[in-house]
Amino acid sequence: MRTIGEQWIERYISAIQWFIPANEHTDPTQLTRVQTFVNAVLLAALAGPLYAMAYYLLGFSSAAQVILLSCLVMAITPLLLRWTNSMFVAREVFLSTLFFNFSWLSYHLGGLTAPTAGWLITGPVIAMFLGGAGCALFWMCMSCAAVSLLYVLAQAGVPLPSHPVQRMEVLYLVCHIGLFLVMVVFMLLFELTKNQGFIKLEQALQIINELAIRDELTGTHNRRHLIKLIETEKERTVRLGHLFCLCLLDIDFFKRINDTYGHSTGDMVLREFAQTVQRQIRDIDSFGRYGGEEFLLMLPETSIDEALTLAERVRVNIEKMGFGAMPDLVTTVSIGVAQFRLGESIAQTVARADEALYLAKSGGRNRVVDYNDAAALAALEGAERATPPCMPDPAGTRMVARFDASQCDPLTGLLNRRMLRDRLNHAIERAARNQTTVALMLLNLNKFKEINDALGYEAGDAILSQSGQRIRRALRESDTIARWGGDEFIVLLEDLNQASDADQVAEKILDQFAEPFAVGARESFVTLSVGIAVFPATEGDMDFLLKCADIAMTRAKSWGDNIAQVYSSDAVMPPNERLALKNGLREALGGGQLFLEYQPQVDLATRTIVGVEALIRWQHPIYGRIEPVRFVPLAEETGMIVPIGDWVLRTACEQNRRWVAAGLPSIKMAVNLSARQLKDAGLVARVLRIVAETGIAAGDLDLELTEGILIDNLEANRGTMAALRAAGLKISIDDFGTGYSSLNYLSELPADILKMDGSFVRRLGQPLARARPYVIAESIIEMAHRLNLKVIAEAVETAEQLSDLDRMQCDEAQGYFFNRALHPDQVAVLLARQAWPRTQLNKDAAAAA
């Protein structure tokens with residue numbers, strides 16, 4: 001609590017601020033001088049009348065009048081400062097008045113022998129504080145000149161005015177004591193304002209320091225300061241031998257909270273989470289935000305048992321958190337605990353806590369796991385590699401504790417797709433945070449359908465199970481393997497020393513397939529195609545990394561059997577260009593740099609254009625034309641894909657209406673939806689609003705969704721698609737056959753069109769290798785027709801491919817054989833000539849392209 005003196009000091013400082021112009025607050029030195037100037041005026045205003053009274057009592061009334069007049073002029077100077085905003089004008093008026101007052105008194109009291117002659121030194125002294133050395137030097141010269149003039153007058157015998165003061169000794173006493181008191185009080189006032197300035201500066205520095213060590217959102221320690229505190233505790237531990245523990249806390253399903261309730265709710269959850277944890281910990285503990293939804297807690301002088309008890313108390317209280325207006329919002333936390341070991345680095349301790357956290361999340365979340373227990377379970381898993389982790393051991397007596405049946409593939413006992421995606425997402429976040437390397441390998445069993453056809457499905461199942469075991473034997477204990485679906489496996493390699501380590505692991509896996517597989521009484525050789533994507537060399541989110549691995553695997557297949565390929569792009573952007581594009585997306589959307597082109601979709605029965613697919617392009621002012629493969633992943637990362645997606649949808653719908661208004665045939669407009677858009681709760685309402693505002697016929701709008709984004713939340717996506725179809729819109733499943741290709745989800749999702757991926761179409765029309773690709777493509781088309789789905793073949797480039805599609809009775813096709821993506825005016829030309837003969841249409845289309 002502040003004292004009365006401190007309160008009056010603060011009031012005084014606040015009062016003098018009124019006289020100080022705003023422009024003087026920007027320079028600390030000038031501000032101090034202005035405050036000192038106001039102090040000097042105050043001192044003159046208080047001391048002047050007292051001196052005037054002394055002179056009046058001694059009989060020198062004219063001197064009293066001069067002193068009072070000088071005090072009045074000096075008292076006005078702060079107002080002059082405020083009116084003119086000029087410290088120079090106010091200061092010089094004050095010093096000039098001060099100089100006149102003491103010079104007049106010295107002249108009328110006897111010259112050099114006057115008691116006020118020594119007061120002439122006050123002008124230069126005060127000038128030093130108010131204007132610096134230059135100002136002080138000027139007034140020193142003026143004071144010296146005044147004293148010299150008095151001396152010259154005395155030497156020249158010029159008579160000085162007489163004065164009525166009879167008791168000069170009393171006047172000397174008053175002047176000398178007054179000079180001492182005035183100078184002391186002036187210095188005290190100067191120190192007062194200066195110290196208050198230092199106090200405010202110190203407070204400002206404390207605020208800056210707080211900002212430097214605190215997380216802005218939660219108010220807890222930020223990561224950098226937290227690591228410093230842990231390093232300090234480590235030094236103390238090494239010196240005194242008291243061990244400490246680290247707890248790594250991760251809010252479960254936080255991304256889902258952001259996607260469902262919005263980022264403002266996510267921020268609220270982070271703040272409430274931090275406050276709840278801080279209420280449970282001790283004053284000596286250090287707690288802070290480690291990154292994203294992860295927090296780090298240091299527990300000094302704490303045993304592992306005590307740390308687990310505290311962590312469990314935190315977990316229980318987090319589970320009890322409520323959010324008032326959102327009763328359905330439930331928050332849980334997974335916690336990994338590790339105790340510092342003498343001789344290891346802080347990074348190693350954090351890494352062990354992170355491994356324990358990883359196990360807590362993999363084991364179902366909302367739990368506390370000690371690293372020692374995690375290591376024991378990992379060892380148990382390693383000891384039972386031959387036994388699938390979700391299945392009973394040969395004796396049938398127990399289950400491996402790490403995973404339940406819902407997390408594993410029932411055939412191979414490996415992790416299933418859902419668990420793999422969870423681990424991959426965690427691995428990418430961890431790699432980005434710790435600046436380590438992660439490799440994702442997609443392994444495909446070549447010609448597996450032939451094995452099923454020749455040996456039967458039981459033999460195929462046996463080979464799948466044995467393949468999982470062989471792949472596992474080539475991996476480290478810390479590596480992850482999962483069955484991705486069908487004849488594909490995924491391997492996740494974390495904490496690689498360098499990206500090339502993934503190549504060596506791929507070679508070890510391929511060596512495991514050099515020996516034949518025993519299937520009953522037969523032996524069968526199986527080959528692999530391996531696609532590798534490395535993070536952070538391949539930047540992007542989890543789905544983009546999977547896509548890159550799939551592209552690399554497809555390239556490996558094209559080279560032959562038992563080939564591994566690492567993903568690379570000819571359009572790899574340097575870091576500075578990537579950052580420039582990422583930051584320029586918002587400007588591109590608002591600045592007219594984005595535009596659409598339209599690739600025609602042709603009905604194969606009539607060879608007429610029945611639709612177009614809207615494709616986004618970016619004309620950058622510096623980098624020129626940028627293809628979607630370069631900037632769409634950046635838009636996904638930044639969240640700009642949602643407003644960009646809305647712009648694409650509205651622009652495409654408006655273009656469709658312009659064609660119809662021009663008297664051209666009504667055609668279908670296909671627009672792609674991103675994963676971010678599909679997760680937006682307001683998607684349906686927003687799409688229907690755009691349809692109503694643009695006037696496009698609902699049946700003319702075809703929304704394309706890749707099969708990869710549909711499977712993440714099948715139930716929610718099914719409801720979204722059903723609502724859109726109920727409004728009359730068409731739904732297409734894009735890139736079919738490249739990801740999840742499951743008859744189960746295909747039969748459940750409400751869709752109208754299936755778009756067969758170009759990887760199937762490119763293999764058609766090749767006489768020497770025609771049988772298998774033709775059968776696969778024909779099976780897809782036949783299956784879709786049985787499900788009452790139309791089929792659009794993508795990437796048709798040759799007449800031979802088109803001929804095969806005709807024989808398969810494919811419904812529609814698009815690709816360079818017909819047209820590249822075109823400007824709206826070029827599409828209008830094609831539509832206007834729709835009635836022309838087929839040959840003429842093809843010639844005109846080629847000319848338009």
# chains A, B, ... in the order shown; residues from 1 in each chain; ligands from 1
$ select_by_dssp --residues "stretch 659-735 of chain A" --states "strand (DSSP E or B)" --output "number ranges by chain"
A: 668-672, 701-706, 730-735
$ residues_around --residues "A:Met553" --least-positions-apart "3" --cutoff "10 Å" --atoms "only C-alpha atoms" --output "JSON, numbers by chain"
{"A": [441, 442, 443, 444, 528, 529, 530, 531, 532, 533, 547, 548, 549, 550, 556, 557, 558, 563, 564, 565, 566, 567]}
$ write_last_selection --atoms "all heavy atoms" --output "compact mmCIF listing (two decimals), in the first residue's frame"
# COMPACT_ATOMS: atom_id res chain seq x y z
N MET A 441 6.51 -43.60 -45.31
CA MET A 441 6.70 -44.55 -46.41
C MET A 441 5.37 -45.24 -46.70
O MET A 441 4.74 -45.79 -45.80
CB MET A 441 7.76 -45.59 -46.04
CG MET A 441 9.09 -44.98 -45.62
SD MET A 441 10.27 -46.20 -44.99
CE MET A 441 10.55 -47.17 -46.45
N LEU A 442 4.96 -45.19 -47.95
CA LEU A 442 3.77 -45.90 -48.41
C LEU A 442 4.23 -47.10 -49.21
O LEU A 442 4.91 -46.96 -50.24
CB LEU A 442 2.89 -44.98 -49.26
CG LEU A 442 1.63 -45.61 -49.85
CD1 LEU A 442 0.72 -46.15 -48.75
CD2 LEU A 442 0.89 -44.61 -50.72
N LEU A 443 3.89 -48.30 -48.75
CA LEU A 443 4.34 -49.55 -49.37
C LEU A 443 3.14 -50.25 -50.00
O LEU A 443 2.13 -50.48 -49.33
CB LEU A 443 5.01 -50.48 -48.35
CG LEU A 443 6.20 -49.90 -47.58
CD1 LEU A 443 5.74 -49.27 -46.28
CD2 LEU A 443 7.24 -50.98 -47.29
N ASN A 444 3.27 -50.60 -51.26
CA ASN A 444 2.20 -51.26 -51.99
C ASN A 444 2.68 -52.62 -52.49
O ASN A 444 3.75 -52.73 -53.09
CB ASN A 444 1.76 -50.38 -53.17
CG ASN A 444 0.63 -51.02 -53.95
OD1 ASN A 444 0.86 -51.73 -54.94
ND2 ASN A 444 -0.60 -50.79 -53.52
N LEU A 528 7.43 -55.17 -53.90
CA LEU A 528 6.90 -53.93 -53.31
C LEU A 528 7.21 -52.73 -54.21
O LEU A 528 8.20 -52.74 -54.95
CB LEU A 528 7.54 -53.67 -51.94
CG LEU A 528 7.11 -54.49 -50.74
CD1 LEU A 528 7.92 -54.05 -49.52
CD2 LEU A 528 5.64 -54.33 -50.47
N SER A 529 6.38 -51.72 -54.09
CA SER A 529 6.69 -50.38 -54.59
C SER A 529 6.59 -49.45 -53.39
O SER A 529 5.59 -49.46 -52.67
CB SER A 529 5.71 -49.94 -55.68
OG SER A 529 5.85 -50.76 -56.83
N VAL A 530 7.64 -48.66 -53.17
CA VAL A 530 7.74 -47.85 -51.96
C VAL A 530 7.84 -46.37 -52.35
O VAL A 530 8.71 -45.98 -53.12
CB VAL A 530 8.96 -48.24 -51.11
CG1 VAL A 530 8.99 -47.43 -49.81
CG2 VAL A 530 8.94 -49.73 -50.81
N GLY A 531 6.92 -45.58 -51.81
CA GLY A 531 6.98 -44.13 -51.97
C GLY A 531 7.32 -43.49 -50.65
O GLY A 531 6.76 -43.83 -49.61
N ILE A 532 8.26 -42.54 -50.66
CA ILE A 532 8.77 -41.91 -49.44
C ILE A 532 8.55 -40.40 -49.51
O ILE A 532 8.89 -39.76 -50.52
CB ILE A 532 10.27 -42.20 -49.24
CG1 ILE A 532 10.54 -43.72 -49.25
CG2 ILE A 532 10.76 -41.58 -47.93
CD1 ILE A 532 12.01 -44.07 -49.27
N ALA A 533 7.97 -39.83 -48.47
CA ALA A 533 7.86 -38.38 -48.33
C ALA A 533 8.50 -37.99 -47.02
O ALA A 533 8.26 -38.62 -45.99
CB ALA A 533 6.39 -37.94 -48.36
N LYS A 547 -0.29 -37.59 -49.57
CA LYS A 547 -0.44 -37.46 -51.02
C LYS A 547 0.91 -37.54 -51.71
O LYS A 547 1.06 -38.18 -52.76
CB LYS A 547 -1.14 -36.13 -51.34
CG LYS A 547 -1.45 -35.93 -52.82
CD LYS A 547 -2.56 -36.85 -53.28
CE LYS A 547 -2.98 -36.56 -54.71
NZ LYS A 547 -4.02 -37.50 -55.18
N CYS A 548 1.90 -36.88 -51.14
CA CYS A 548 3.25 -36.91 -51.72
C CYS A 548 3.83 -38.32 -51.71
O CYS A 548 4.46 -38.75 -52.68
CB CYS A 548 4.17 -35.95 -50.96
SG CYS A 548 3.75 -34.22 -51.17
N ALA A 549 3.61 -39.05 -50.61
CA ALA A 549 4.08 -40.43 -50.55
C ALA A 549 3.38 -41.28 -51.60
O ALA A 549 3.99 -42.16 -52.22
CB ALA A 549 3.85 -41.00 -49.15
N ASP A 550 2.10 -41.02 -51.81
CA ASP A 550 1.35 -41.76 -52.82
C ASP A 550 1.88 -41.45 -54.22
O ASP A 550 2.00 -42.35 -55.07
CB ASP A 550 -0.13 -41.40 -52.73
CG ASP A 550 -0.98 -42.18 -53.72
OD1 ASP A 550 -1.12 -43.40 -53.54
OD2 ASP A 550 -1.46 -41.57 -54.70
N ALA A 556 7.34 -44.99 -58.34
CA ALA A 556 8.13 -46.20 -58.15
C ALA A 556 7.54 -47.36 -58.96
O ALA A 556 8.29 -48.16 -59.55
CB ALA A 556 8.18 -46.55 -56.66
N LYS A 557 6.23 -47.48 -58.98
CA LYS A 557 5.58 -48.53 -59.76
C LYS A 557 5.93 -48.43 -61.25
O LYS A 557 6.10 -49.44 -61.93
CB LYS A 557 4.06 -48.45 -59.58
CG LYS A 557 3.52 -49.15 -58.34
CD LYS A 557 2.02 -49.09 -58.31
CE LYS A 557 1.47 -49.92 -57.16
NZ LYS A 557 1.70 -51.38 -57.35
N SER A 558 6.01 -47.19 -61.73
CA SER A 558 6.30 -47.02 -63.15
C SER A 558 7.70 -47.47 -63.52
O SER A 558 7.99 -47.73 -64.69
CB SER A 558 6.10 -45.55 -63.54
OG SER A 558 7.07 -44.72 -62.90
N ILE A 563 11.07 -51.19 -56.13
CA ILE A 563 11.68 -49.87 -56.32
C ILE A 563 11.15 -48.94 -55.24
O ILE A 563 9.98 -48.95 -54.90
CB ILE A 563 11.36 -49.30 -57.72
CG1 ILE A 563 11.96 -50.18 -58.81
CG2 ILE A 563 11.87 -47.87 -57.85
CD1 ILE A 563 13.48 -50.21 -58.82
N ALA A 564 12.06 -48.12 -54.70
CA ALA A 564 11.68 -47.08 -53.74
C ALA A 564 11.99 -45.72 -54.35
O ALA A 564 13.06 -45.52 -54.93
CB ALA A 564 12.43 -47.25 -52.42
N GLN A 565 11.06 -44.82 -54.23
CA GLN A 565 11.22 -43.47 -54.76
C GLN A 565 10.91 -42.45 -53.67
O GLN A 565 9.93 -42.58 -52.93
CB GLN A 565 10.28 -43.23 -55.94
CG GLN A 565 10.70 -43.94 -57.22
CD GLN A 565 11.82 -43.19 -57.93
OE1 GLN A 565 11.71 -42.01 -58.24
NE2 GLN A 565 12.90 -43.90 -58.21
N VAL A 566 11.75 -41.42 -53.58
CA VAL A 566 11.53 -40.31 -52.64
C VAL A 566 10.81 -39.20 -53.39
O VAL A 566 11.20 -38.84 -54.50
CB VAL A 566 12.85 -39.80 -52.05
CG1 VAL A 566 12.59 -38.62 -51.09
CG2 VAL A 566 13.58 -40.91 -51.33
N TYR A 567 9.76 -38.65 -52.76
CA TYR A 567 8.98 -37.60 -53.43
C TYR A 567 9.84 -36.37 -53.65
O TYR A 567 10.58 -35.93 -52.78
CB TYR A 567 7.77 -37.21 -52.59
CG TYR A 567 7.03 -36.02 -53.15
CD1 TYR A 567 6.12 -36.17 -54.19
CD2 TYR A 567 7.25 -34.75 -52.65
CE1 TYR A 567 5.45 -35.08 -54.71
CE2 TYR A 567 6.58 -33.65 -53.16
CZ TYR A 567 5.69 -33.82 -54.19
OH TYR A 567 5.03 -32.73 -54.71
$ residues_around --residues "A:Gln435" --least-positions-apart "6" --cutoff "12 Å" --atoms "only C-alpha atoms" --output "PyMOL selection string"
chain A and resi 347+427-429+494-498+535-537
$ residues_around --residues "A:Ile696" --least-positions-apart "2" --cutoff "7 Å" --atoms "only C-alpha atoms" --output "list in words"
Cys653, Asn656, Arg657, Val691, Thr694, Ala698 and Asp700 of chain A
$ residues_around --residues "A:Lys228" --least-positions-apart "4" --cutoff "12 Å" --atoms "only C-alpha atoms" --output "PyMOL selection string"
chain A and resi 213+221-224+232-235+286+288+298+346-347
